[in-house]
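Student: Sending over a structure as structure tokens; questions will come in a sec.
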Amino acid sequence: MAARGHVQDPNDRRLRPIYDYLDNGNNKMAIQQADKLLKKHKDLHCAKVLKAIGLQRTGKQDEAYALAQEVAALEPTDDNSLQALTILYREMHRPELVTKLYEAAVKKVPNSEEYHSHLFMAYARVGEYKKMQQAGMALYKIVPKNPYYFWSVMSLIMQSISAQDENLSKTMFLPLAERMVEKMVKEDKIEAEAEVELYYMILERLEKYQEALDVVRGKLGEKLTSELQSRENKCMAMYKKLCRWPECNALSRRLLLKNSDDWQFYITYFDSVFQLIDESWTPPLEEEQSLEGEVHYSIEQAVKFIEERITEESKSARPLRGPYLAKLELIRRLRCRGCNDEYKLGDPEELMFQYFKKFGDKPCCFTDLKVFVDLLPSSQYTKFISQLLEVIPLSAAAESEVALPADIKALQQHLCVVQLTRLLGIYHAMDKKEKLTAVRELMLRYRHGLEFGKTCLKTELQFSDYYCLLAVHLLLDLWLEEGEETAVWQCLTFLEEGLSHSPSNAQFKLLLIRIYCRLGAFEPVAELYSSLDAKHIQHDTIGYLLTRYAESLGHYAAASQSCNFALRFFHSNQKDTSEYIIQAYKYGAFEKIPEFIAFRNRLNSSLHFAQVRTERMLLDLLLEANISTSLEESIKSMSLSPEEDDIPWKDLRDNRDLTVLFNWDPKDRDISEEHRKLSLEEETVWLRIRSLTLRLVSGLPTLSHTIQPKNSEKTAENGVSSKIDTIRSLLQQLEAAVDSGKKFLEQKIQYPVLGPPPTRMAGFFSNGSCQCQTSLFYLVSDIYELDTNGLEDSAEIQERLGNSFKSLIERLTDLFNKCKGDLIEVRDGTLKTQPNLLENLVFFVETISITLWVSSYCDSVLRPFKSNLQKKKKKKKESSVAMPPVFTHFLDYVTELQTLTSNVIDHIKGLEIILTALKLEELSLKDTLLLQEEKKFTKTVQGKVQSSYHHSVQEIGELLKKRLDTIKKLKI
Amino acid sequence: MTSLRAFTCDDLFRFNNINLDPLTETYGIPFYLQYLAHWPEYFIVAEAPGGELMGYIMGKAEGSVAREEWHGHVTALSVAPEFRRLGLAAKLMELLEEISEKKGGFFVDLFVRVSNQVAVNMYKQLGYSVYRTVLEYYSASNGEPDEDAYGKYLFYPTLNGKVLLCVPGLSLCFVYREKVKVVVV
């Protein structure tokens, strides 16, 4: 391209206003301006593309696409058109079209560095690795710049990563990549650090560890300077792979001498010492001990080394935790090996005590010691705790009163002991009375501690917040293990009190969320969650806190909203990540490319993503199908089809952060790997049931309207019969999923209170929704049979349908019975709640909705039969044409359905009245010990729960009323 | 007692204990990926012996080399509440300064809310001084720092280390170890 200097291309000037309109979001004006320009300059292709962008952005996708293809067919080579088309295709989510565009462009202008590099990036966006490799080399031939060459090499690595056949990757792609780099090395053309990184990556993947080590330690390795200890880390990784324990040891020793606080090097130091001991390694006589210098290969040396680190530490300006914790780690390892050498190191109990004396005032002291508490014998727990307590300066105003800390330091130390007390199970072993006393004391300490934080900003935490949390944990034990109903109200009271003093404490909020949900009160949760300001990736990691409960408690609007937030995040992921994969090529961050791709996959196969996708659609159908739009239209607008299953069942990733809530429980009560595994299993089975339900519902409209009753033979060949086959096969799959769900529940798994929330599956089975819903889908199959068979000779089918209708009504009535009862009531002076009634009601509404969709299918089948009969009747002018029994069955059934639904609506109205009338102020709480402040908060939380129930009942009632209206249409 | 290592994408799934803090922003995925793709060495995370993430620092290199304004910038620095008061933030700053130095940076700068007194004091202790106050740095509605906001303010020569007027509600720009010759215009 010739240098234009200052002379502006007249086309640029002409196009400028259109760009400006587009930038300002004024798409209409952009289109007009483009039209105007095109009248004068017919060949100004770019104007067409810009017009297409305007059209695309105003929702006229088809027109935009047609216009774009018009220009693309001309294979443009001007920058403006190419760039505009790239933008357009990206907005259309058609990145593959960009590759076509630049393929044509480089053919016409084969020496353009720019177009070739655009082509490379276009391939990168769609992951065409082989073509990237070629494009990179083509680029390098035009302009021999190193990065282009290495883009090509990296594309080979990507081919090897994506190859299904590992053999192919190890024998073809990687060796080729290796040879390509070797060629550059031989010609002494390696320039950048990224190139060395890439070389290392290839050798590592080829398992050529020795060669990789040589590169890192050699001249090329000198380029590895950017990252933290980049060279050392890479050497260490290779030493480990090569089992070169002397070097591993010497290197970690050296790194620890430099920084005696880096935990990872203690780990490699210990690992290597014990490996060397097991190998009975002895240093060579003549040469140096190892490539990396001095080696430690005996327990004595290790002990001495750690003791030296401790001595050194005492000289450092800032106390370092590393050396002390390393000593405990060494003891642990010695014990595991059954060594009795630990006397040299001291008694762990004493060491932990010393550690506490030194670091007890740091908030992390608990987390540090937690790792090593299994070194304590359980018989010593109480003694250990009292020993710690003795050294904390606490003072009591009077003999009988609780001794309190006088400053933050003492408070922090005491808090550490309280946390350890819980970790050692001492609180768990207490009886009810002792627990209540402990709660009182903790709350007293909490409130006392607030005086140290009077100057804290709203964004800071109060020093004594953990006391409050620990008190609540104790109360939760009382509630869930000893059935103490008042305890849960106290939990909420204390947490709300805590939050009022420490408004940004996320732990208070999270715990409140979990407890409110357990009580069936979703309304306060929405606000708490939004104050956490969770966004982006957090939709995936903690979004489950919302989505598990919003819908199941009848907060449909909130459920919709939270699903939408999550979906918006997941959908943007695909586009976002491709952009940065390309950037990683540009900046030579090669090791990040596979990482970004793995990250994208992890998000795409997220369990939560699949769940919100499925639940969102079910919810939309529940709220709209056959109310505001027909079921058929709703399903069409979601592009749902019964055949399609887009859930990556085998690769589902559980990205939930299940440890986001703190807890101090002993190991045997804590959330374990096993719990995670079980929870994922449960979630997956439940998701399968939900997804099959959705697909079955989406199959309903495919069955109706298309039937030619008399041609039953023929239908076997056309599409409709395969539709019923799909439905029947889905129904079988549903049965299988239900079976595995039942088997899962038979294990009666109890997750820890703050662990993964159980799914709705247990309720689905126990309240009878499951039986109702499956029998509904069987009904579909029978109706279909009647439809294809015709009314004649169908007495048997008709009778079967009649029976099905009857038993369905019975089942629905049973389900209704499970919804009866008081949601909230005052009994023996305490407030009792039955949140499961709410969940059952929600299931009822969902089941009724499916019932109605199936019934309207049935209606669509029976209606033509009836009008045919009526015509016949008129012709024959006889009254003797008997109505087939199925009509009476159906009419009776619809009437009963209507009565039942009205009854449920009346019941809901009743609940509303009770909830409004319930005067909580009059509730004389049994616990007379309540302080004035507590009473205030208790009132608040009870009010919140009451209002939330009211909200649930209202939303559920409104939806059910809408459903009732649709029943009226079913009277054939 | 900490393991220091490069931040990876998978850490995004585990950093809630750090990020559920009112002063720590959770950015959109593109923002993190941009840093990881462009300045991976400026993004370091600290891990506790029990495996919990303790804190992280995220930064970048920017500015014109010719005008001796090439420097390291700290975009985010956060430590989980339970791992505070261990000097971890200082350690992470030290590492970033070291890397910036290696990359030829003339200085390191960062922005902090005036209201975030704890951070303001910490940076002062680490030898940083207030360079200017910046209007509305954090005001961008999408929650991500408005990149344009500081472009306008940052590079005006001022007297080294001179503390400008602090007005609550504004943000401060801190500068450390300025190698630039100060030109008063």
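Ordered as shown in the structure tokens, chains take letters A, B, and onward, while each chain numbers its residues from 1 and ligands are numbered from 1 in the order shown.
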Pull the helix (DSSP H, G or I) assignments for stretch 64-130 of chain A out of DSSP run on the backbone, and list those residues as a ChimeraX atom specification.
Tutor: /A:64-73,79-91,95-108,113-126,129-130
Student: Could the residues in this selection be saved with N, CA and C atoms as a compact mmCIF listing (two decimals), in the first residue's frame?
Tutor:
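What ended up in selection_24.txt:
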# COMPACT_ATOMS: atom_id res chain seq x y z
N ALA A 64 -29.21 -8.13 6.97
CA ALA A 64 -27.80 -7.82 7.21
C ALA A 64 -26.92 -8.89 6.58
N TYR A 65 -27.32 -10.13 6.80
CA TYR A 65 -26.53 -11.24 6.30
C TYR A 65 -26.48 -11.21 4.76
N ALA A 66 -27.63 -10.98 4.15
CA ALA A 66 -27.69 -10.97 2.69
C ALA A 66 -26.79 -9.89 2.12
N LEU A 67 -26.84 -8.72 2.74
CA LEU A 67 -26.04 -7.60 2.26
C LEU A 67 -24.54 -7.91 2.41
N ALA A 68 -24.21 -8.49 3.56
CA ALA A 68 -22.81 -8.81 3.83
C ALA A 68 -22.29 -9.81 2.81
N GLN A 69 -23.11 -10.79 2.50
CA GLN A 69 -22.67 -11.82 1.57
C GLN A 69 -22.47 -11.25 0.16
N GLU A 70 -23.27 -10.22 -0.13
CA GLU A 70 -23.14 -9.55 -1.42
C GLU A 70 -21.73 -8.98 -1.55
N VAL A 71 -21.29 -8.32 -0.49
CA VAL A 71 -19.95 -7.72 -0.51
C VAL A 71 -18.88 -8.80 -0.45
N ALA A 72 -19.10 -9.78 0.41
CA ALA A 72 -18.10 -10.83 0.59
C ALA A 72 -17.86 -11.58 -0.72
N ALA A 73 -18.92 -11.73 -1.52
CA ALA A 73 -18.81 -12.44 -2.78
C ALA A 73 -17.84 -11.74 -3.73
N ASP A 79 -9.17 -2.27 3.26
CA ASP A 79 -9.17 -2.36 4.72
C ASP A 79 -10.52 -2.10 5.35
N ASN A 80 -11.14 -1.03 4.87
CA ASN A 80 -12.41 -0.63 5.48
C ASN A 80 -13.45 -1.73 5.42
N SER A 81 -13.61 -2.32 4.24
CA SER A 81 -14.63 -3.35 4.10
C SER A 81 -14.28 -4.58 4.93
N LEU A 82 -13.01 -4.94 4.88
CA LEU A 82 -12.59 -6.14 5.61
C LEU A 82 -12.83 -5.98 7.11
N GLN A 83 -12.43 -4.84 7.61
CA GLN A 83 -12.60 -4.64 9.05
C GLN A 83 -14.06 -4.58 9.44
N ALA A 84 -14.84 -3.89 8.61
CA ALA A 84 -16.26 -3.78 8.93
C ALA A 84 -16.93 -5.15 8.89
N LEU A 85 -16.55 -5.94 7.88
CA LEU A 85 -17.14 -7.29 7.80
C LEU A 85 -16.74 -8.14 9.00
N THR A 86 -15.49 -7.98 9.43
CA THR A 86 -15.04 -8.73 10.60
C THR A 86 -15.90 -8.39 11.81
N ILE A 87 -16.13 -7.11 11.99
CA ILE A 87 -16.96 -6.68 13.14
C ILE A 87 -18.36 -7.27 13.01
N LEU A 88 -18.91 -7.18 11.80
CA LEU A 88 -20.27 -7.67 11.58
C LEU A 88 -20.37 -9.17 11.88
N TYR A 89 -19.44 -9.94 11.32
CA TYR A 89 -19.49 -11.39 11.52
C TYR A 89 -19.35 -11.74 13.00
N ARG A 90 -18.52 -10.98 13.68
CA ARG A 90 -18.35 -11.25 15.09
C ARG A 90 -19.66 -11.01 15.83
N GLU A 91 -20.34 -9.93 15.46
CA GLU A 91 -21.62 -9.64 16.12
C GLU A 91 -22.67 -10.68 15.76
N PRO A 95 -17.83 -16.38 13.42
CA PRO A 95 -16.40 -16.11 13.21
C PRO A 95 -15.81 -16.90 12.04
N GLU A 96 -16.45 -18.01 11.68
CA GLU A 96 -15.89 -18.83 10.59
C GLU A 96 -15.94 -18.08 9.26
N LEU A 97 -16.88 -17.12 9.15
CA LEU A 97 -16.97 -16.36 7.90
C LEU A 97 -15.78 -15.42 7.73
N VAL A 98 -15.20 -15.01 8.86
CA VAL A 98 -14.04 -14.12 8.77
C VAL A 98 -12.88 -14.85 8.09
N THR A 99 -12.75 -16.14 8.38
CA THR A 99 -11.64 -16.89 7.76
C THR A 99 -11.81 -16.91 6.24
N LYS A 100 -13.03 -17.11 5.77
CA LYS A 100 -13.29 -17.13 4.32
C LYS A 100 -12.89 -15.81 3.70
N LEU A 101 -13.24 -14.76 4.41
CA LEU A 101 -12.98 -13.41 3.93
C LEU A 101 -11.49 -13.18 3.67
N TYR A 102 -10.70 -13.54 4.68
CA TYR A 102 -9.26 -13.28 4.55
C TYR A 102 -8.57 -14.32 3.67
N GLU A 103 -9.15 -15.50 3.59
CA GLU A 103 -8.59 -16.48 2.65
C GLU A 103 -8.64 -15.89 1.24
N ALA A 104 -9.79 -15.28 0.92
CA ALA A 104 -9.93 -14.67 -0.39
C ALA A 104 -8.97 -13.49 -0.54
N ALA A 105 -8.85 -12.71 0.54
CA ALA A 105 -8.01 -11.51 0.47
C ALA A 105 -6.54 -11.86 0.24
N VAL A 106 -6.03 -12.89 0.94
CA VAL A 106 -4.60 -13.21 0.76
C VAL A 106 -4.35 -13.84 -0.62
N LYS A 107 -5.38 -14.44 -1.17
CA LYS A 107 -5.20 -14.99 -2.51
C LYS A 107 -4.98 -13.84 -3.50
N LYS A 108 -5.73 -12.78 -3.29
CA LYS A 108 -5.62 -11.65 -4.21
C LYS A 108 -4.37 -10.81 -3.94
N GLU A 113 1.38 -8.73 4.61
CA GLU A 113 1.63 -9.20 5.97
C GLU A 113 0.36 -9.04 6.82
N GLU A 114 -0.28 -7.91 6.60
CA GLU A 114 -1.44 -7.60 7.42
C GLU A 114 -2.56 -8.62 7.22
N TYR A 115 -2.88 -8.92 5.96
CA TYR A 115 -3.99 -9.84 5.71
C TYR A 115 -3.66 -11.25 6.16
N HIS A 116 -2.40 -11.62 5.97
CA HIS A 116 -2.01 -12.94 6.44
C HIS A 116 -2.16 -13.03 7.95
N SER A 117 -1.77 -11.96 8.62
CA SER A 117 -1.85 -12.04 10.08
C SER A 117 -3.31 -12.01 10.54
N HIS A 118 -4.15 -11.27 9.81
CA HIS A 118 -5.59 -11.33 10.13
C HIS A 118 -6.13 -12.73 9.91
N LEU A 119 -5.64 -13.35 8.87
CA LEU A 119 -6.11 -14.70 8.57
C LEU A 119 -5.72 -15.66 9.69
N PHE A 120 -4.48 -15.51 10.14
CA PHE A 120 -4.02 -16.36 11.25
C PHE A 120 -4.94 -16.19 12.46
N MET A 121 -5.22 -14.93 12.81
CA MET A 121 -6.04 -14.66 13.99
C MET A 121 -7.48 -15.16 13.79
N ALA A 122 -7.95 -15.07 12.55
CA ALA A 122 -9.31 -15.56 12.29
C ALA A 122 -9.37 -17.07 12.51
N TYR A 123 -8.32 -17.77 12.10
CA TYR A 123 -8.27 -19.21 12.36
C TYR A 123 -8.19 -19.48 13.86
N ALA A 124 -7.40 -18.65 14.54
CA ALA A 124 -7.24 -18.84 15.99
C ALA A 124 -8.59 -18.70 16.69
N ARG A 125 -9.38 -17.77 16.21
CA ARG A 125 -10.68 -17.54 16.85
C ARG A 125 -11.58 -18.78 16.76
N VAL A 126 -11.46 -19.52 15.67
CA VAL A 126 -12.31 -20.71 15.55
C VAL A 126 -11.56 -22.00 15.85
N TYR A 129 -6.43 -25.28 14.04
CA TYR A 129 -5.00 -25.29 14.36
C TYR A 129 -4.11 -25.60 13.15
N LYS A 130 -4.57 -26.52 12.34
CA LYS A 130 -3.73 -26.91 11.21
C LYS A 130 -3.57 -25.73 10.25
Student: Distance cut-off 7 Å, counting only C-alpha atoms - which residues of chain B neighbour chain A? Return them as a compact mmCIF listing (two decimals) with C-alpha atoms, in the first residue's frame.
Tutor:
# COMPACT_ATOMS: atom_id res chain seq x y z
CA MET B 1 4.13 -19.08 55.49
CA THR B 2 3.03 -18.85 52.01
CA SER B 3 3.55 -20.34 48.60
CA CYS B 9 -7.46 -19.18 35.47
CA PHE B 13 -12.97 -20.38 40.93
CA ARG B 14 -11.39 -20.25 44.37
CA ASN B 16 -14.16 -15.87 46.86
CA ASN B 17 -12.68 -15.56 50.34
CA LEU B 20 -16.13 -11.09 48.83
CA PRO B 22 -16.41 -4.68 49.75
CA THR B 26 -14.56 -8.85 40.87
CA TYR B 27 -13.93 -8.01 37.25
CA GLY B 28 -15.34 -9.58 34.13
CA ILE B 29 -13.49 -12.55 32.69
CA PRO B 30 -11.99 -10.51 29.82
CA LEU B 33 -7.64 -12.83 30.72
CA GLN B 34 -6.19 -9.65 29.32
CA ALA B 37 -2.29 -12.90 28.28
CA HIS B 38 -0.32 -9.69 28.35
CA GLU B 41 4.38 -12.20 35.40
CA PRO B 49 -0.25 -24.43 53.72
CA GLY B 50 -3.87 -25.61 54.00
CA GLU B 82 -7.92 -14.03 57.88
CA PHE B 83 -4.50 -13.57 56.31
CA ARG B 85 -1.52 -8.45 59.40
CA ILE B 99 9.55 -7.55 38.36
Student: Using only C-alpha atoms, which residues sit within 8 Å of B:His73 once same-chain residues fewer than 5 positions away are excluded, as a ChimeraX atom specification?
Tutor: /B:59-62,108-110
Student: Hey, can you spit out that residue selection with N, CA, C and O atoms as a PDB file, in the first residue's frame?
Tutor:
ATOM      1  N   GLY B  59      -1.063  -6.748  38.143  1.00  0.00           N
ATOM      2  CA  GLY B  59      -0.528  -5.495  37.648  1.00  0.00           C
ATOM      3  C   GLY B  59      -0.123  -5.566  36.199  1.00  0.00           C
ATOM      4  O   GLY B  59      -0.370  -6.554  35.508  1.00  0.00           O
ATOM      5  N   LYS B  60       0.464  -4.489  35.719  1.00  0.00           N
ATOM      6  CA  LYS B  60       0.866  -4.461  34.321  1.00  0.00           C
ATOM      7  C   LYS B  60       2.003  -3.469  34.126  1.00  0.00           C
ATOM      8  O   LYS B  60       2.377  -2.745  35.047  1.00  0.00           O
ATOM      9  N   ALA B  61       2.542  -3.451  32.906  1.00  0.00           N
ATOM     10  CA  ALA B  61       3.560  -2.466  32.545  1.00  0.00           C
ATOM     11  C   ALA B  61       2.956  -1.553  31.499  1.00  0.00           C
ATOM     12  O   ALA B  61       2.233  -2.006  30.624  1.00  0.00           O
ATOM     13  N   GLU B  62       3.245  -0.273  31.588  1.00  0.00           N
ATOM     14  CA  GLU B  62       2.672   0.647  30.609  1.00  0.00           C
ATOM     15  C   GLU B  62       3.488   1.933  30.561  1.00  0.00           C
ATOM     16  O   GLU B  62       4.404   2.129  31.355  1.00  0.00           O
ATOM     17  N   VAL B 108       6.677   2.641  39.958  1.00  0.00           N
ATOM     18  CA  VAL B 108       5.442   1.852  40.063  1.00  0.00           C
ATOM     19  C   VAL B 108       4.355   2.796  40.547  1.00  0.00           C
ATOM     20  O   VAL B 108       4.596   3.587  41.458  1.00  0.00           O
ATOM     21  N   ASP B 109       3.199   2.710  39.932  1.00  0.00           N
ATOM     22  CA  ASP B 109       2.118   3.542  40.467  1.00  0.00           C
ATOM     23  C   ASP B 109       0.848   2.735  40.661  1.00  0.00           C
ATOM     24  O   ASP B 109       0.744   1.586  40.220  1.00  0.00           O
ATOM     25  N   LEU B 110      -0.076   3.331  41.354  1.00  0.00           N
ATOM     26  CA  LEU B 110      -1.339   2.635  41.648  1.00  0.00           C
ATOM     27  C   LEU B 110      -2.373   3.654  42.089  1.00  0.00           C
ATOM     28  O   LEU B 110      -2.028   4.784  42.436  1.00  0.00           O
TER      29      LEU B 110
END
Student: Excluding B:Leu77 and its own-chain neighbours fewer than 3 positions away, which residues fall within 8 Å of it when counting only C-alpha atoms? Please give them as an MDAnalysis selection string.
Tutor: chainID B and resid 55:58 74 89
Student: Using only C-alpha atoms, which of the listed residues (A:Ser691, A:Lys742, A:Leu257, A:Ser272) sits closest to A:Glu308?
Tutor: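 Using only C-alpha atoms, the shortest distance to A:Glu308 belongs to A:Leu257.
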Student: Using only C-alpha atoms, which protein or nucleic acid residues come within 12 Å of B:Val65? Drop anything in the same chain fewer than 3 positions from it, and give the result as a PDB file with C-alpha atoms, in the first residue's frame.
Tutor:
ATOM      1  CA  ALA B  61       3.560  -2.466  32.545  1.00  0.00           C
ATOM      2  CA  GLU B  62       2.672   0.647  30.609  1.00  0.00           C
ATOM      3  CA  GLU B  68      10.900   7.701  30.626  1.00  0.00           C
ATOM      4  CA  GLU B  69       7.356   7.001  31.701  1.00  0.00           C
ATOM      5  CA  TRP B  70       7.529   3.237  31.283  1.00  0.00           C
ATOM      6  CA  HIS B  71       6.405   1.861  34.610  1.00  0.00           C
ATOM      7  CA  GLY B  72       4.642  -0.867  36.550  1.00  0.00           C
ATOM      8  CA  LYS B 103      11.405  -4.988  33.001  1.00  0.00           C
ATOM      9  CA  GLY B 104      13.023  -1.582  33.075  1.00  0.00           C
ATOM     10  CA  GLY B 105      10.157   0.262  34.736  1.00  0.00           C
ATOM     11  CA  PHE B 106      11.042   3.718  35.987  1.00  0.00           C
ATOM     12  CA  PHE B 107       8.546   3.618  38.799  1.00  0.00           C
ATOM     13  CA  VAL B 180      11.996  10.204  36.321  1.00  0.00           C
TER      14      VAL B 180
END
Student: If you measure from atom CA of A:Ser704 to atom CA of A:Ile689, what distance in Å do you get, rounded to one decimal?
Tutor: 24.1 Å
Student: For A:Phe937, work out the shell of residues within 10 Å, counting only C-alpha atoms and skipping chain neighbours fewer than 3 positions away, then give it as a PyMOL selection string.
Tutor: chain A and resi 489-490+492-497+500+932-934+940-943
Student: Convert the current residue selection to file output with N, CA and C atoms, as an mmCIF file, in the first residue's frame.
Tutor:
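That gives us again_28.cif:
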data_model
loop_
_atom_site.group_PDB
_atom_site.id
_atom_site.type_symbol
_atom_site.label_atom_id
_atom_site.label_comp_id
_atom_site.auth_asym_id
_atom_site.auth_seq_id
_atom_site.Cartn_x
_atom_site.Cartn_y
_atom_site.Cartn_z
ATOM 1 N N TRP A 489 -34.206 -19.210 65.367
ATOM 2 C CA TRP A 489 -34.556 -17.783 65.411
ATOM 3 C C TRP A 489 -33.440 -16.987 66.049
ATOM 4 N N GLN A 490 -32.808 -17.618 67.043
ATOM 5 C CA GLN A 490 -31.678 -16.935 67.672
ATOM 6 C C GLN A 490 -30.519 -16.779 66.693
ATOM 7 N N LEU A 492 -30.684 -16.358 63.496
ATOM 8 C CA LEU A 492 -30.977 -15.230 62.615
ATOM 9 C C LEU A 492 -30.849 -13.907 63.361
ATOM 10 N N THR A 493 -31.337 -13.912 64.600
ATOM 11 C CA THR A 493 -31.267 -12.697 65.405
ATOM 12 C C THR A 493 -29.820 -12.236 65.571
ATOM 13 N N PHE A 494 -28.966 -13.159 65.974
ATOM 14 C CA PHE A 494 -27.569 -12.798 66.228
ATOM 15 C C PHE A 494 -26.874 -12.349 64.946
ATOM 16 N N LEU A 495 -27.183 -13.055 63.867
ATOM 17 C CA LEU A 495 -26.529 -12.686 62.612
ATOM 18 C C LEU A 495 -26.969 -11.305 62.132
ATOM 19 N N GLU A 496 -28.265 -11.032 62.268
ATOM 20 C CA GLU A 496 -28.738 -9.699 61.863
ATOM 21 C C GLU A 496 -28.108 -8.628 62.755
ATOM 22 N N GLU A 497 -27.984 -8.970 64.031
ATOM 23 C CA GLU A 497 -27.337 -8.033 64.953
ATOM 24 C C GLU A 497 -25.888 -7.806 64.503
ATOM 25 N N SER A 500 -25.544 -5.649 61.530
ATOM 26 C CA SER A 500 -25.786 -4.228 61.756
ATOM 27 C C SER A 500 -24.512 -3.531 62.247
ATOM 28 N N GLN A 932 -33.019 -6.344 75.219
ATOM 29 C CA GLN A 932 -33.866 -5.451 74.453
ATOM 30 C C GLN A 932 -33.443 -5.450 72.983
ATOM 31 N N GLU A 933 -32.126 -5.326 72.780
ATOM 32 C CA GLU A 933 -31.543 -5.290 71.426
ATOM 33 C C GLU A 933 -31.920 -6.563 70.665
ATOM 34 N N GLU A 934 -31.790 -7.694 71.336
ATOM 35 C CA GLU A 934 -32.110 -8.962 70.687
ATOM 36 C C GLU A 934 -33.570 -9.019 70.296
ATOM 37 N N THR A 940 -37.503 -8.366 63.823
ATOM 38 C CA THR A 940 -37.164 -8.127 62.415
ATOM 39 C C THR A 940 -37.123 -9.431 61.634
ATOM 40 N N VAL A 941 -36.411 -10.429 62.160
ATOM 41 C CA VAL A 941 -36.257 -11.648 61.367
ATOM 42 C C VAL A 941 -37.578 -12.387 61.227
ATOM 43 N N GLN A 942 -38.361 -12.396 62.305
ATOM 44 C CA GLN A 942 -39.640 -13.087 62.186
ATOM 45 C C GLN A 942 -40.536 -12.381 61.181
ATOM 46 N N GLY A 943 -40.475 -11.075 61.200
ATOM 47 C CA GLY A 943 -41.237 -10.299 60.224
ATOM 48 C C GLY A 943 -40.781 -10.617 58.812
#
Student: Neighbours of stretch 669-680 of chain A within 8 Å (only C-alpha atoms; same-chain residues fewer than 6 positions away dropped), as an NGL selection string?
Tutor: :A and (654 or 659 or 663 or 751-752 or 755-756 or 758)
Student: How would the residues just chosen look if you wrote them out with all heavy atoms as a compact mmCIF listing (two decimals), in the first residue's frame?
Tutor:
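Okay, this is what ended up in result-v7.txt:
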# COMPACT_ATOMS: atom_id res chain seq x y z
N ASP A 654 -18.20 -29.44 38.32
CA ASP A 654 -18.81 -28.81 39.47
C ASP A 654 -17.95 -27.64 39.90
O ASP A 654 -16.95 -27.80 40.58
CB ASP A 654 -18.93 -29.83 40.60
CG ASP A 654 -19.77 -29.30 41.76
OD1 ASP A 654 -20.14 -28.12 41.71
OD2 ASP A 654 -20.03 -30.07 42.70
N THR A 659 -16.90 -24.27 49.89
CA THR A 659 -16.27 -23.91 51.17
C THR A 659 -16.32 -22.40 51.37
O THR A 659 -15.57 -21.86 52.18
CB THR A 659 -14.82 -24.40 51.24
OG1 THR A 659 -14.16 -24.00 50.03
CG2 THR A 659 -14.75 -25.88 51.39
N ASN A 663 -16.21 -22.70 58.36
CA ASN A 663 -16.68 -23.49 59.49
C ASN A 663 -15.47 -24.03 60.22
O ASN A 663 -14.37 -24.09 59.68
CB ASN A 663 -17.66 -24.57 59.05
CG ASN A 663 -16.98 -25.80 58.55
OD1 ASN A 663 -16.40 -26.55 59.32
ND2 ASN A 663 -17.00 -26.00 57.24
N TYR A 751 -25.60 -34.17 54.14
CA TYR A 751 -24.43 -33.30 53.98
C TYR A 751 -24.30 -32.44 55.23
O TYR A 751 -25.29 -32.18 55.91
CB TYR A 751 -24.61 -32.39 52.77
CG TYR A 751 -24.89 -33.11 51.48
CD1 TYR A 751 -26.14 -33.04 50.88
CD2 TYR A 751 -23.89 -33.86 50.87
CE1 TYR A 751 -26.40 -33.68 49.68
CE2 TYR A 751 -24.16 -34.52 49.67
CZ TYR A 751 -25.41 -34.42 49.08
OH TYR A 751 -25.66 -35.07 47.90
N PRO A 752 -23.09 -31.96 55.51
CA PRO A 752 -22.97 -31.01 56.63
C PRO A 752 -23.86 -29.80 56.35
O PRO A 752 -24.11 -29.46 55.20
CB PRO A 752 -21.50 -30.60 56.59
CG PRO A 752 -20.80 -31.68 55.83
CD PRO A 752 -21.79 -32.24 54.89
N GLY A 755 -22.58 -27.43 54.06
CA GLY A 755 -22.06 -28.05 52.85
C GLY A 755 -23.02 -27.87 51.70
O GLY A 755 -23.86 -26.96 51.71
N PRO A 756 -22.93 -28.71 50.69
CA PRO A 756 -23.80 -28.55 49.52
C PRO A 756 -25.26 -28.69 49.91
O PRO A 756 -25.62 -29.60 50.66
CB PRO A 756 -23.38 -29.71 48.61
CG PRO A 756 -22.62 -30.67 49.47
CD PRO A 756 -22.02 -29.87 50.57
N PRO A 758 -28.93 -29.94 49.60
CA PRO A 758 -29.51 -31.07 48.87
C PRO A 758 -30.41 -30.56 47.75
O PRO A 758 -30.92 -29.45 47.82
CB PRO A 758 -30.32 -31.81 49.94
CG PRO A 758 -30.44 -30.89 51.08
CD PRO A 758 -29.37 -29.87 50.99
